[in-house]
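Visitor: To be precise about what I am sending: the file is called start_9.tsv and holds TSV, C-alpha atoms and all ligand atoms.
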```tsv
chain	number	residue	atom	x	y	z
J	1424	MET	CA	113.94	82.27	99.51
J	1425	LYS	CA	114.98	85.92	99.97
J	1426	ARG	CA	112.88	87.90	102.44
J	1427	VAL	CA	111.85	91.52	101.85
J	1428	LEU	CA	110.01	93.92	104.15
J	1429	ILE	CA	107.89	96.47	102.27
J	1430	THR	CA	106.44	99.34	104.30
J	1431	GLY	CA	103.50	101.27	102.92
J	1432	ALA	CA	102.63	97.97	101.27
J	1433	ALA	CA	98.91	98.72	100.91
J	1434	GLY	CA	99.55	102.02	99.12
J	1435	PHE	CA	99.82	102.78	95.44
J	1436	LEU	CA	103.55	102.12	94.99
J	1437	GLY	CA	103.90	99.65	97.89
J	1438	SER	CA	101.26	97.34	96.46
J	1439	HIS	CA	102.90	97.30	93.02
J	1440	LEU	CA	106.22	96.51	94.71
J	1441	CYS	CA	104.57	93.60	96.57
J	1442	ASP	CA	103.36	92.21	93.24
J	1443	ARG	CA	106.80	92.53	91.69
J	1444	PHE	CA	108.67	90.87	94.54
J	1445	ILE	CA	106.13	88.04	94.74
J	1446	LYS	CA	106.57	87.55	91.00
J	1447	GLU	CA	110.36	87.40	91.47
J	1448	GLY	CA	109.96	84.60	94.06
J	1449	TYR	CA	110.56	86.52	97.29
J	1450	HIS	CA	108.92	86.07	100.67
J	1451	VAL	CA	107.16	89.42	101.14
J	1452	ILE	CA	106.49	90.87	104.58
J	1453	ALA	CA	104.05	93.69	103.96
J	1454	MET	CA	103.51	96.41	106.55
J	1455	ASP	CA	101.04	99.31	106.60
J	1456	ASN	CA	98.99	101.19	109.17
J	1457	LEU	CA	96.23	101.78	106.60
J	1458	ILE	CA	95.97	105.55	107.15
J	1459	THR	CA	96.24	106.23	103.44
J	1460	GLY	CA	96.79	102.68	102.15
J	1461	ARG	CA	94.00	100.25	101.34
J	1462	LEU	CA	93.94	96.49	101.89
J	1463	LYS	CA	92.07	96.13	98.65
J	1464	ASN	CA	95.33	96.87	96.81
J	1465	ILE	CA	96.94	93.70	98.19
J	1466	GLU	CA	94.03	91.42	99.06
J	1467	HIS	CA	94.77	89.22	96.03
J	1468	LEU	CA	98.07	88.28	97.73
J	1469	PHE	CA	96.62	87.21	101.07
J	1470	GLN	CA	96.17	83.54	100.17
J	1471	LEU	CA	99.83	83.14	99.14
J	1472	GLU	CA	102.22	81.19	101.38
J	1473	ASN	CA	105.05	83.64	100.75
J	1474	PHE	CA	103.07	86.76	101.68
J	1475	GLU	CA	102.25	88.11	105.11
J	1476	PHE	CA	100.65	91.36	106.22
J	1477	HIS	CA	101.24	93.31	109.43
J	1478	ASN	CA	99.05	96.25	110.41
J	1479	HIS	CA	101.67	98.45	112.04
J	1480	ASP	CA	102.76	102.10	112.16
J	1481	VAL	CA	106.53	102.10	111.49
J	1482	SER	CA	106.91	105.39	113.39
J	1483	ASN	CA	106.76	103.07	116.42
J	1484	TYR	CA	109.36	100.37	117.12
J	1485	VAL	CA	109.35	97.80	114.32
J	1486	HIS	CA	109.73	94.10	115.09
J	1487	VAL	CA	110.16	91.48	112.38
J	1488	SER	CA	111.06	87.90	113.28
J	1489	GLY	CA	113.47	85.85	111.20
J	1490	GLU	CA	115.96	86.94	108.61
J	1491	LEU	CA	115.61	89.93	106.34
J	1492	ASP	CA	117.51	90.54	103.12
J	1493	TYR	CA	115.90	93.78	102.01
J	1494	ILE	CA	113.78	96.61	103.38
J	1495	LEU	CA	111.88	99.00	101.09
J	1496	HIS	CA	110.52	101.98	103.01
J	1497	PHE	CA	107.50	103.28	101.10
J	1498	ALA	CA	105.27	104.24	104.00
J	1499	SER	CA	104.29	107.92	103.81
J	1500	PRO	CA	101.38	110.11	102.90
J	1501	ALA	CA	102.42	111.34	99.47
J	1502	SER	CA	99.92	113.83	98.13
J	1503	PRO	CA	99.63	117.50	99.06
J	1504	ILE	CA	96.11	116.94	100.40
J	1505	ASP	CA	97.19	114.01	102.58
J	1506	TYR	CA	100.09	115.76	104.16
J	1507	LEU	CA	97.99	118.80	104.88
J	1508	LYS	CA	95.44	116.55	106.62
J	1509	ILE	CA	98.01	114.51	108.56
J	1510	PRO	CA	101.14	116.66	108.83
J	1511	ILE	CA	102.54	115.19	112.06
J	1512	GLN	CA	102.25	111.58	110.85
J	1513	THR	CA	103.95	112.66	107.62
J	1514	LEU	CA	106.89	114.11	109.53
J	1515	LYS	CA	107.08	111.10	111.86
J	1516	VAL	CA	107.04	108.36	109.25
J	1517	GLY	CA	109.81	110.04	107.24
J	1518	SER	CA	111.98	110.68	110.30
J	1519	LEU	CA	111.18	108.31	113.20
J	1520	GLY	CA	109.92	105.61	110.83
J	1521	THR	CA	113.10	105.75	108.77
J	1522	HIS	CA	115.22	105.68	111.93
J	1523	ASN	CA	113.41	102.56	113.20
J	1524	LEU	CA	113.81	100.79	109.88
J	1525	LEU	CA	117.50	101.70	109.56
J	1526	GLY	CA	117.98	100.20	113.03
J	1527	LEU	CA	116.19	97.07	111.85
J	1528	ALA	CA	118.33	96.95	108.68
J	1529	ARG	CA	121.43	97.21	110.83
J	1530	VAL	CA	120.59	94.33	113.20
J	1531	LYS	CA	119.34	92.11	110.37
J	1532	GLY	CA	122.20	92.94	107.99
J	1533	ALA	CA	119.57	93.90	105.42
J	1534	ARG	CA	119.95	96.31	102.52
J	1535	MET	CA	117.54	99.23	102.79
J	1536	LEU	CA	116.04	101.28	99.97
J	1537	ILE	CA	114.16	104.47	100.83
J	1538	ALA	CA	111.52	106.19	98.74
J	1539	SER	CA	112.63	109.77	98.40
J	1540	THR	CA	111.05	112.28	96.08
J	1541	SER	CA	111.51	115.09	93.59
J	1542	GLU	CA	110.06	117.25	96.40
J	1543	VAL	CA	113.58	117.38	97.87
J	1544	TYR	CA	114.27	119.83	95.00
J	1545	GLY	CA	111.33	122.01	96.09
J	1546	ASP	CA	110.33	124.70	93.57
J	1547	PRO	CA	113.50	124.16	91.51
J	1548	GLU	CA	115.75	126.87	90.11
J	1549	VAL	CA	117.65	124.31	88.05
J	1550	HIS	CA	115.85	122.58	85.21
J	1551	PRO	CA	115.73	119.66	84.56
J	1552	GLN	CA	116.77	118.50	88.03
J	1553	PRO	CA	119.98	116.47	88.36
J	1554	GLU	CA	120.80	114.62	91.59
J	1555	GLU	CA	123.57	117.14	92.34
J	1556	TYR	CA	121.03	119.96	92.78
J	1557	TRP	CA	120.43	120.70	96.48
J	1558	GLY	CA	116.97	122.13	96.07
J	1559	HIS	CA	114.85	125.17	96.89
J	1560	VAL	CA	112.50	124.20	99.71
J	1561	ASN	CA	110.41	126.31	102.07
J	1562	PRO	CA	110.69	124.44	105.39
J	1563	ILE	CA	107.67	126.16	106.96
J	1564	GLY	CA	105.33	126.15	103.95
J	1565	PRO	CA	102.45	123.70	103.57
J	1566	ARG	CA	104.67	121.19	101.77
J	1567	GLY	CA	107.46	121.55	104.34
J	1568	VAL	CA	106.25	118.61	106.44
J	1569	TYR	CA	106.75	116.26	103.52
J	1570	ASP	CA	109.76	117.88	101.86
J	1571	GLU	CA	111.77	118.24	105.06
J	1572	ALA	CA	110.85	114.76	106.31
J	1573	LYS	CA	112.14	113.37	103.03
J	1574	ARG	CA	115.30	115.47	103.18
J	1575	PHE	CA	115.92	114.30	106.75
J	1576	GLN	CA	115.23	110.75	105.58
J	1577	GLU	CA	117.99	111.03	103.00
J	1578	ALA	CA	120.37	112.53	105.57
J	1579	ILE	CA	119.85	109.81	108.19
J	1580	THR	CA	120.06	107.12	105.53
J	1581	MET	CA	123.44	108.41	104.35
J	1582	ALA	CA	124.56	108.68	107.99
J	1583	TYR	CA	123.68	105.02	108.66
J	1584	HIS	CA	125.49	104.11	105.47
J	1585	ARG	CA	128.63	106.08	106.31
J	1586	PHE	CA	128.72	105.60	110.08
J	1587	HIS	CA	127.29	102.08	110.51
J	1588	GLY	CA	128.08	100.64	107.08
J	1589	VAL	CA	124.43	99.81	106.36
J	1590	GLU	CA	123.86	99.09	102.67
J	1591	THR	CA	121.46	101.77	101.50
J	1592	ARG	CA	119.79	102.89	98.28
J	1593	ILE	CA	117.89	106.15	97.68
J	1594	VAL	CA	115.37	106.59	94.87
J	1595	ARG	CA	114.07	110.08	94.11
J	1596	ILE	CA	110.65	109.45	92.67
J	1597	PHE	CA	109.06	111.95	90.29
J	1598	ASN	CA	105.30	112.15	89.60
J	1599	THR	CA	104.04	108.63	88.97
J	1600	TYR	CA	100.61	107.38	87.98
J	1601	GLY	CA	98.75	104.16	87.30
J	1602	PRO	CA	96.11	101.80	88.65
J	1603	ARG	CA	95.50	101.85	92.44
J	1604	MET	CA	95.99	105.58	92.91
J	1605	ARG	CA	93.28	106.84	95.21
J	1606	LEU	CA	90.60	108.75	93.40
J	1607	ASN	CA	90.34	111.29	96.19
J	1608	ASP	CA	93.99	111.84	97.14
J	1609	GLY	CA	94.02	115.26	95.48
J	1610	ARG	CA	96.68	114.42	92.91
J	1611	VAL	CA	96.13	115.90	89.52
J	1612	LEU	CA	95.57	112.73	87.53
J	1613	PRO	CA	92.93	111.08	89.75
J	1614	ALA	CA	91.40	114.52	90.32
J	1615	PHE	CA	90.94	115.12	86.56
J	1616	ILE	CA	89.79	111.55	85.78
J	1617	GLY	CA	87.41	111.55	88.77
J	1618	GLN	CA	85.96	114.87	87.62
J	1619	ALA	CA	85.50	113.57	84.07
J	1620	LEU	CA	83.80	110.39	85.35
J	1621	ARG	CA	81.44	112.36	87.59
J	1622	GLY	CA	80.65	114.87	84.84
J	1623	GLU	CA	82.30	117.79	86.60
J	1624	ASP	CA	84.54	120.49	85.16
J	1625	LEU	CA	88.29	119.88	85.43
J	1626	THR	CA	89.96	122.14	87.99
J	1627	VAL	CA	93.30	123.52	86.84
J	1628	PHE	CA	95.17	125.29	89.63
J	1629	GLY	CA	96.86	128.55	88.64
J	1630	ASP	CA	97.03	129.39	84.93
J	1631	GLY	CA	98.01	125.82	84.02
J	1632	THR	CA	101.51	126.75	82.79
J	1633	GLN	CA	103.24	124.82	85.59
J	1634	THR	CA	104.81	121.61	84.32
J	1635	ARG	CA	105.12	118.03	85.54
J	1636	SER	CA	106.60	114.88	83.97
J	1637	PHE	CA	104.52	111.76	84.53
J	1638	CYS	CA	105.95	108.25	84.80
J	1639	TYR	CA	103.85	105.10	84.43
J	1640	VAL	CA	104.02	102.91	87.52
J	1641	ASP	CA	105.48	99.79	85.83
J	1642	ASP	CA	108.45	101.81	84.59
J	1643	LEU	CA	109.03	103.21	88.05
J	1644	ILE	CA	108.90	99.77	89.71
J	1645	GLU	CA	111.44	98.45	87.20
J	1646	GLY	CA	113.79	101.34	88.03
J	1647	ILE	CA	113.44	100.71	91.76
J	1648	TYR	CA	114.04	96.98	91.34
J	1649	ARG	CA	117.23	97.70	89.41
J	1650	LEU	CA	118.42	100.30	91.91
J	1651	LEU	CA	117.93	97.89	94.82
J	1652	HIS	CA	120.13	95.34	93.09
J	1653	SER	CA	122.77	97.87	92.03
J	1654	ASN	CA	125.71	98.83	94.19
J	1655	TYR	CA	125.06	102.59	94.11
J	1656	PRO	CA	124.38	104.17	97.54
J	1657	GLU	CA	123.65	107.77	96.48
J	1658	PRO	CA	120.32	109.18	95.29
J	1659	VAL	CA	119.10	108.29	91.81
J	1660	ASN	CA	116.23	110.09	90.03
J	1661	VAL	CA	113.64	107.71	88.61
J	1662	GLY	CA	110.94	109.33	86.52
J	1663	ASN	CA	109.84	110.09	83.00
J	1664	PRO	CA	111.39	113.23	81.45
J	1665	ASP	CA	108.40	113.75	79.10
J	1666	GLU	CA	107.30	117.16	80.43
J	1667	ILE	CA	103.85	118.69	79.95
J	1668	THR	CA	102.00	121.72	81.29
J	1669	ILE	CA	99.04	121.02	83.57
J	1670	GLY	CA	96.80	122.93	81.15
J	1671	GLU	CA	97.82	120.61	78.29
J	1672	PHE	CA	97.43	117.64	80.59
J	1673	ALA	CA	93.81	118.64	81.32
J	1674	GLU	CA	93.17	118.76	77.56
J	1675	GLU	CA	94.66	115.26	77.19
J	1676	ILE	CA	92.33	113.93	79.89
J	1677	ILE	CA	89.33	115.60	78.24
J	1678	LYS	CA	90.22	113.86	74.98
J	1679	LEU	CA	90.92	110.51	76.66
J	1680	THR	CA	87.69	110.41	78.60
J	1681	GLY	CA	85.52	112.00	75.92
J	1682	THR	CA	83.95	114.23	78.55
J	1683	ASP	CA	82.11	117.32	77.36
J	1684	GLN	CA	83.14	119.24	80.48
J	1685	LYS	CA	85.50	122.20	80.35
J	1686	VAL	CA	88.49	123.45	82.28
J	1687	ILE	CA	87.94	125.85	85.17
J	1688	TYR	CA	90.72	127.71	86.95
J	1689	LYS	CA	91.33	127.78	90.72
J	1690	PRO	CA	94.07	129.54	92.71
J	1691	LEU	CA	97.51	127.95	92.69
J	1692	PRO	CA	98.35	126.30	96.04
J	1693	GLU	CA	101.21	127.90	98.02
J	1694	ASN	CA	104.73	126.78	97.01
J	1695	ASP	CA	103.40	124.70	94.12
J	1696	PRO	CA	106.52	123.98	92.00
J	1697	LYS	CA	106.43	125.85	88.68
J	1698	LYS	CA	108.27	123.16	86.78
J	1699	ARG	CA	109.53	119.65	87.27
J	1700	ARG	CA	111.41	117.24	85.05
J	1701	PRO	CA	114.00	114.67	86.04
J	1702	ASN	CA	117.47	114.48	84.58
J	1703	ILE	CA	117.76	110.68	84.32
J	1704	ASP	CA	121.35	110.40	83.07
J	1705	LYS	CA	122.36	108.56	86.25
J	1706	ALA	CA	119.55	106.01	86.00
J	1707	LYS	CA	120.50	105.44	82.36
J	1708	THR	CA	124.18	104.92	83.11
J	1709	ILE	CA	124.05	103.11	86.42
J	1710	LEU	CA	120.83	101.10	86.06
J	1711	ASP	CA	120.62	100.89	82.27
J	1712	TRP	CA	117.07	102.11	82.80
J	1713	GLU	CA	114.75	104.48	81.03
J	1714	PRO	CA	110.95	104.62	80.85
J	1715	LYS	CA	109.28	102.55	78.17
J	1716	VAL	CA	105.57	103.37	78.51
J	1717	SER	CA	104.37	106.50	76.71
J	1718	ARG	CA	101.88	108.82	78.41
J	1719	SER	CA	99.14	107.89	75.94
J	1720	GLU	CA	99.55	104.13	76.64
J	1721	GLY	CA	99.83	104.60	80.39
J	1722	LEU	CA	96.85	106.94	80.55
J	1723	LYS	CA	94.65	104.46	78.66
J	1724	ILE	CA	95.44	101.68	81.16
J	1725	THR	CA	94.90	104.00	84.10
J	1726	TYR	CA	91.61	105.35	82.76
J	1727	ASN	CA	90.36	101.77	82.29
J	1728	TYR	CA	91.20	101.02	85.90
J	1729	PHE	CA	89.23	104.02	87.18
J	1730	ARG	CA	86.36	103.44	84.78
J	1731	ASN	CA	85.89	99.88	86.03
J	1732	LEU	CA	85.68	100.78	89.70
J	1733	SER	CA	82.35	100.03	91.32
J	1734	GLU	CA	79.96	102.82	92.30
J	1735	ALA	CA	81.00	102.36	95.94
J	1736	GLU	CA	84.67	102.69	95.05
J	1737	LEU	CA	84.01	105.71	92.90
J	1738	SER	CA	82.41	107.38	95.88
J	1739	GLU	CA	85.50	106.27	97.87
J	1740	VAL	CA	84.60	103.80	100.55
J	1741	ASP	CA	88.06	103.74	102.01
J	1742	HIS	CA	87.65	101.51	105.02
J	1743	TYR	CA	87.90	97.76	104.77
J	1744	GLU	CA	87.28	95.36	107.60
J	1745	PHE	CA	90.67	94.29	108.83
J	1746	ASP	CA	89.46	91.08	110.54
J	1747	LYS	CA	88.54	89.58	107.23
J	1748	PHE	CA	92.21	89.48	106.26
J	1749	ILE	CA	93.76	87.85	109.30
J	1750	LYS	CA	94.99	84.33	108.55
V	1801	LIG	N1	96.60	120.39	90.08
V	1801	LIG	C1	95.56	120.97	89.36
V	1801	LIG	N2	94.28	120.56	89.62
V	1801	LIG	C2	93.97	119.60	90.54
V	1801	LIG	C3	95.03	118.99	91.25
V	1801	LIG	C4	96.34	119.43	91.01
V	1801	LIG	O1	95.79	121.82	88.50
V	1801	LIG	O2	92.77	119.28	90.72
V	1801	LIG	C5	97.98	120.84	89.81
V	1801	LIG	C6	98.81	121.17	91.05
V	1801	LIG	O3	98.61	122.51	91.45
V	1801	LIG	C7	100.22	120.92	90.53
V	1801	LIG	C8	100.05	119.78	89.54
V	1801	LIG	O4	98.67	119.76	89.20
V	1801	LIG	O5	100.71	122.05	89.87
V	1801	LIG	C9	100.43	118.42	90.10
V	1801	LIG	O6	99.81	118.29	91.34
V	1801	LIG	P1	99.88	116.95	92.21
V	1801	LIG	O7	99.16	117.23	93.47
V	1801	LIG	O8	99.42	115.81	91.40
V	1801	LIG	O9	101.40	116.67	92.51
V	1801	LIG	P2	102.69	117.58	92.85
V	1801	LIG	O10	103.56	117.34	91.70
V	1801	LIG	O11	102.31	119.04	92.97
V	1801	LIG	O12	103.19	117.03	94.12
```
Once more with this new file: its structure as structure tokens, please.

Guide:
Amino acid sequence: MKRVLITGAAGFLGSHLCDRFIKEGYHVIAMDNLITGRLKNIEHLFQLENFEFHNHDVSNYVHVSGELDYILHFASPASPIDYLKIPIQTLKVGSLGTHNLLGLARVKGARMLIASTSEVYGDPEVHPQPEEYWGHVNPIGPRGVYDEAKRFQEAITMAYHRFHGVETRIVRIFNTYGPRMRLNDGRVLPAFIGQALRGEDLTVFGDGTQTRSFCYVDDLIEGIYRLLHSNYPEPVNVGNPDEITIGEFAEEIIKLTGTDQKVIYKPLPENDPKKRRPNIDKAKTILDWEPKVSRSEGLKITYNYFRNLSEAELSEVDHYEFDKFIK
């Protein structure tokens, strides 16, 4: 049985990766320090023989006993609100955390895939963004802690690949949505759906002409799975090129939820990218991948997930008793 370490395993993407690797017959070693992740996302896996959970911050030395075939590094705060609240941890997990895990990959002879981001392109001057574009990032702006940690993460990963011969993969993830996003993480989709469910007006930042391109989580996980098993060590964009303005997106959510609330406008956060859309030619050619789930299908599934949360979850009880989950 192949063994995979997934960091950030209790988070949105990490938990979906755990499900996928369990489904594919792997032994999954899940790791998370539960700052932004939630055990609830993976508690259905706790009774499985081939699943184990470690409550650990990978910015500190990482120990895993036994063999390891793969490491997927998905631990990081990943929403503008989170990295404003915990900027130092954000910088550390992308830099020190990645360094620790690359060291682990090296001693174990494991292949390591890192979760990079479209944020490496910053507020892009090239549109859509191909992997060759170097980006337009403000290192000292509010997003700098995330963007620069992720850029450093790519640099150290390529250095371990070139200097130590570690097998590495880099996925640049564009905006992704689906079940298990946190309702209060500040991201636009849970923000809008949460507002609709609570009967509040939808807050569009700026004039709503900024664009994003939203990918449904199952499509993203498929792209990552393929990239891990490919032999391509350089960054690959994985995202959905179907671009929409945030103003139009708010209208779609109003229609989807049937809310009678309206859109209200708030100031645009500093350095908020004006447009974003992946060029996915590389993913198409190298991974034979492209997204399959349309925004209308994906939004329906995601809305059902949020709608079925309990009252307590809707008001975001984020802390679960850890003891309950120890085998
Ligand atoms: N946004 C918004 N209202 C909100 C939350 C976000 O208009 O309540 C905007 C935000 O300014 C950005 C876009 O939606 O232009 C996407 O924001 P998100 O935080 O989801 O991700 P980003 O792509 O900026 O990292």

Visitor: Got a sec: who's within 12 Å of Lys1531 (chain J), counting only C-alpha atoms, leaving out chain neighbours fewer than 4 positions off, as a list in words?

Guide: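 Residues near the query, excluding close chain neighbours: Arg1426, Val1427, Leu1428, His1486, Val1487, Ser1488, Gly1489, Glu1490, Leu1491, Asp1492, Tyr1493, Ile1494, Leu1524, Leu1525, Gly1526, Leu1527, Met1535, Val1589 and Glu1590 of chain J.
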
Visitor: Ligand LIG 1801 (chain V): which residues are within 9 Å, counting only C-alpha atoms and all ligand atoms? Reply as an MDAnalysis selection string.

Guide: chainID J and resid 1501:1504 1541:1542 1566 1597:1599 1608:1615 1618 1625:1636 1668:1670 1672:1673 1688:1693 1695:1699

Visitor: Please, what distance in Å, to one decimal, runs between CA of Ile1458 (chain J) and CA of His1496 (chain J)?

Guide: 15.5 Å

Visitor: Would you mind reading off the distance between CA of Ala1433 (chain J) and CA of Phe1476 (chain J), one decimal, in Å?

Guide: 9.2 Å

Visitor: So which one's closest to Val1543 (chain J), J:Phe1474, J:His1467, J:Asn1660, J:Lys1723? Using all atoms listed in the file, please.

Guide: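 Among the listed residues, the smallest separation from Val1543 (chain J) belongs to J:Asn1660.
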
Visitor: For Leu1651 (chain J), find every residue with an atom within 8 Å (counting all atoms listed in the file), except residues of its own chain fewer than 3 positions away, and show them as a CSV table (one decimal) with C-alpha atoms, in the coordinates of the input.

Guide:
```csv
chain,number,residue,atom,x,y,z
J,1536,LEU,CA,116.0,101.3,100.0
J,1592,ARG,CA,119.8,102.9,98.3
J,1647,ILE,CA,113.4,100.7,91.8
J,1648,TYR,CA,114.0,97.0,91.3
J,1654,ASN,CA,125.7,98.8,94.2
```

Visitor: Which is closer to Met1604 (chain J) than all the others in J:Val1516, J:Leu1722, J:Val1485, J:Leu1436, using only C-alpha atoms?

Guide: J:Leu1436

Visitor: What's around Pro1500 (chain J) at 9 Å? Count all atoms listed in the file, leave out sequence neighbours fewer than 6 positions away in its own chain, and write the answer as a PyMOL selection string.

Guide: chain J and resi 1458-1460+1506+1509-1510+1512-1513+1516+1569

Visitor: Choose the residue, out of J:His1550, J:Gly1617, J:Pro1701, J:Gly1517, that has the smallest atom-to-atom separation from Glu1736 (chain J); count all atoms listed in the file.

Guide: J:Gly1617

Visitor: From (106.2, 111.8, 84.3), in the file's coordinates, out to 6 Å: which residues are reached, counting all atoms listed in the file? Answer as a compact mmCIF listing (two decimals) with C-alpha atoms, keeping the file's coordinate frame.

Guide:
```
# COMPACT_ATOMS: atom_id res chain seq x y z
CA ASN J 1598 105.30 112.15 89.60
CA SER J 1636 106.60 114.88 83.97
CA PHE J 1637 104.52 111.76 84.53
CA CYS J 1638 105.95 108.25 84.80
CA GLY J 1662 110.94 109.33 86.52
CA ASN J 1663 109.84 110.09 83.00
CA ASP J 1665 108.40 113.75 79.10
```

Visitor: So how many Å separate CA of Glu1675 (chain J) and CA of Pro1602 (chain J), to one decimal?

Guide: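 Between these atoms lies a distance of 17.7 Å.
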
Visitor: Looking at J:Val1661, J:Val1481, J:Leu1732, J:Val1640, which one is nearest to Leu1519 (chain J), with distances taken over all atoms listed in the file?

Guide: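 Of J:Val1661, J:Val1481, J:Leu1732, J:Val1640, the one nearest Leu1519 (chain J), counting all atoms listed in the file, is J:Val1481.
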
Visitor: Nearest to Leu1710 (chain J) among J:Asn1727, J:Ser1653, J:Thr1580, J:Gln1684, with distances taken over all atoms listed in the file: which residue is it?

Guide: J:Ser1653

Visitor: Would you please work out which residue, of J:Asp1480, J:Asp1642, J:Glu1657, J:Glu1734, is nearest to Leu1457 (chain J) when using all atoms listed in the file?

Guide: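 Using all atoms listed in the file, Leu1457 (chain J) sits closest to J:Asp1480.
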
Visitor: Determine, counting only C-alpha atoms, which protein, DNA and RNA residues have an atom within 12 Å of an atom of Ile1445 (chain J); residues of the same chain fewer than 3 positions away are not included. Present the result as an NGL selection string.

Guide: :J and (1424-1429 or 1438-1442 or 1448-1453 or 1465 or 1467-1469 or 1471-1475)

Visitor: Save the residues we just selected, C-alpha atoms, as a CSV table (one decimal), keeping the file's coordinate frame?

Guide:
```csv
chain,number,residue,atom,x,y,z
J,1424,MET,CA,113.9,82.3,99.5
J,1425,LYS,CA,115.0,85.9,100.0
J,1426,ARG,CA,112.9,87.9,102.4
J,1427,VAL,CA,111.8,91.5,101.8
J,1428,LEU,CA,110.0,93.9,104.2
J,1429,ILE,CA,107.9,96.5,102.3
J,1438,SER,CA,101.3,97.3,96.5
J,1439,HIS,CA,102.9,97.3,93.0
J,1440,LEU,CA,106.2,96.5,94.7
J,1441,CYS,CA,104.6,93.6,96.6
J,1442,ASP,CA,103.4,92.2,93.2
J,1448,GLY,CA,110.0,84.6,94.1
J,1449,TYR,CA,110.6,86.5,97.3
J,1450,HIS,CA,108.9,86.1,100.7
J,1451,VAL,CA,107.2,89.4,101.1
J,1452,ILE,CA,106.5,90.9,104.6
J,1453,ALA,CA,104.0,93.7,104.0
J,1465,ILE,CA,96.9,93.7,98.2
J,1467,HIS,CA,94.8,89.2,96.0
J,1468,LEU,CA,98.1,88.3,97.7
J,1469,PHE,CA,96.6,87.2,101.1
J,1471,LEU,CA,99.8,83.1,99.1
J,1472,GLU,CA,102.2,81.2,101.4
J,1473,ASN,CA,105.0,83.6,100.8
J,1474,PHE,CA,103.1,86.8,101.7
J,1475,GLU,CA,102.2,88.1,105.1
```

Visitor: Distance cut-off 10 Å, centre (87.8, 101.1, 94.0) in file coordinates, counting all atoms listed in the file: which residues qualify? Return them as a list in words.

Guide: Arg1461, Lys1463, Asn1464, Pro1602, Arg1603, Met1604, Arg1605, Leu1606, Tyr1728, Phe1729, Arg1730, Asn1731, Leu1732, Ser1733, Glu1734, Ala1735, Glu1736, Leu1737, Ser1738, Glu1739, Val1740 and Asp1741 of chain J

Visitor: Box along x, y and z, 6 Å on every side, all listed atoms of region 1458-1476 of chain J inside: centre and edge lengths in Å to one decimal, as lines of an AutoDock Vina configuration file.

Guide:
```
center_x = 98.6
center_y = 93.7
center_z = 101.6
size_x = 25.0
size_y = 37.0
size_z = 23.1
```

Visitor: Writing N, CA, C and O atoms and nothing else, produce region 1445-1454 of chain J as an mmCIF file, in the first residue's frame.

Guide:
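Output file part.cif follows:
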```cif
data_model
loop_
_atom_site.group_PDB
_atom_site.id
_atom_site.type_symbol
_atom_site.label_atom_id
_atom_site.label_comp_id
_atom_site.auth_asym_id
_atom_site.auth_seq_id
_atom_site.Cartn_x
_atom_site.Cartn_y
_atom_site.Cartn_z
ATOM 1 N N ILE J 1445 -7.745 8.030 -0.077
ATOM 2 C CA ILE J 1445 -8.351 6.854 0.575
ATOM 3 C C ILE J 1445 -9.087 6.030 -0.488
ATOM 4 O O ILE J 1445 -8.943 4.812 -0.567
ATOM 5 N N LYS J 1446 -9.843 6.713 -1.315
ATOM 6 C CA LYS J 1446 -10.611 6.041 -2.375
ATOM 7 C C LYS J 1446 -9.686 5.282 -3.336
ATOM 8 O O LYS J 1446 -10.043 4.227 -3.851
ATOM 9 N N GLU J 1447 -8.487 5.826 -3.554
ATOM 10 C CA GLU J 1447 -7.539 5.189 -4.482
ATOM 11 C C GLU J 1447 -6.733 4.089 -3.796
ATOM 12 O O GLU J 1447 -5.820 3.524 -4.396
ATOM 13 N N GLY J 1448 -7.005 3.821 -2.502
ATOM 14 C CA GLY J 1448 -6.360 2.698 -1.810
ATOM 15 C C GLY J 1448 -5.038 3.026 -1.142
ATOM 16 O O GLY J 1448 -4.242 2.128 -0.866
ATOM 17 N N TYR J 1449 -4.791 4.275 -0.855
ATOM 18 C CA TYR J 1449 -3.547 4.675 -0.187
ATOM 19 C C TYR J 1449 -3.681 4.583 1.332
ATOM 20 O O TYR J 1449 -4.794 4.641 1.863
ATOM 21 N N HIS J 1450 -2.540 4.511 2.017
ATOM 22 C CA HIS J 1450 -2.509 4.781 3.456
ATOM 23 C C HIS J 1450 -2.285 6.288 3.596
ATOM 24 O O HIS J 1450 -1.282 6.819 3.116
ATOM 25 N N VAL J 1451 -3.211 6.979 4.257
ATOM 26 C CA VAL J 1451 -3.138 8.433 4.351
ATOM 27 C C VAL J 1451 -2.712 8.866 5.749
ATOM 28 O O VAL J 1451 -3.344 8.502 6.747
ATOM 29 N N ILE J 1452 -1.599 9.600 5.797
ATOM 30 C CA ILE J 1452 -1.153 10.206 7.052
ATOM 31 C C ILE J 1452 -1.541 11.679 6.967
ATOM 32 O O ILE J 1452 -0.991 12.441 6.165
ATOM 33 N N ALA J 1453 -2.533 12.053 7.755
ATOM 34 C CA ALA J 1453 -3.078 13.403 7.686
ATOM 35 C C ALA J 1453 -2.462 14.239 8.800
ATOM 36 O O ALA J 1453 -2.326 13.783 9.926
ATOM 37 N N MET J 1454 -2.077 15.467 8.458
ATOM 38 C CA MET J 1454 -1.448 16.341 9.455
ATOM 39 C C MET J 1454 -2.078 17.733 9.373
ATOM 40 O O MET J 1454 -2.316 18.250 8.270
#
```
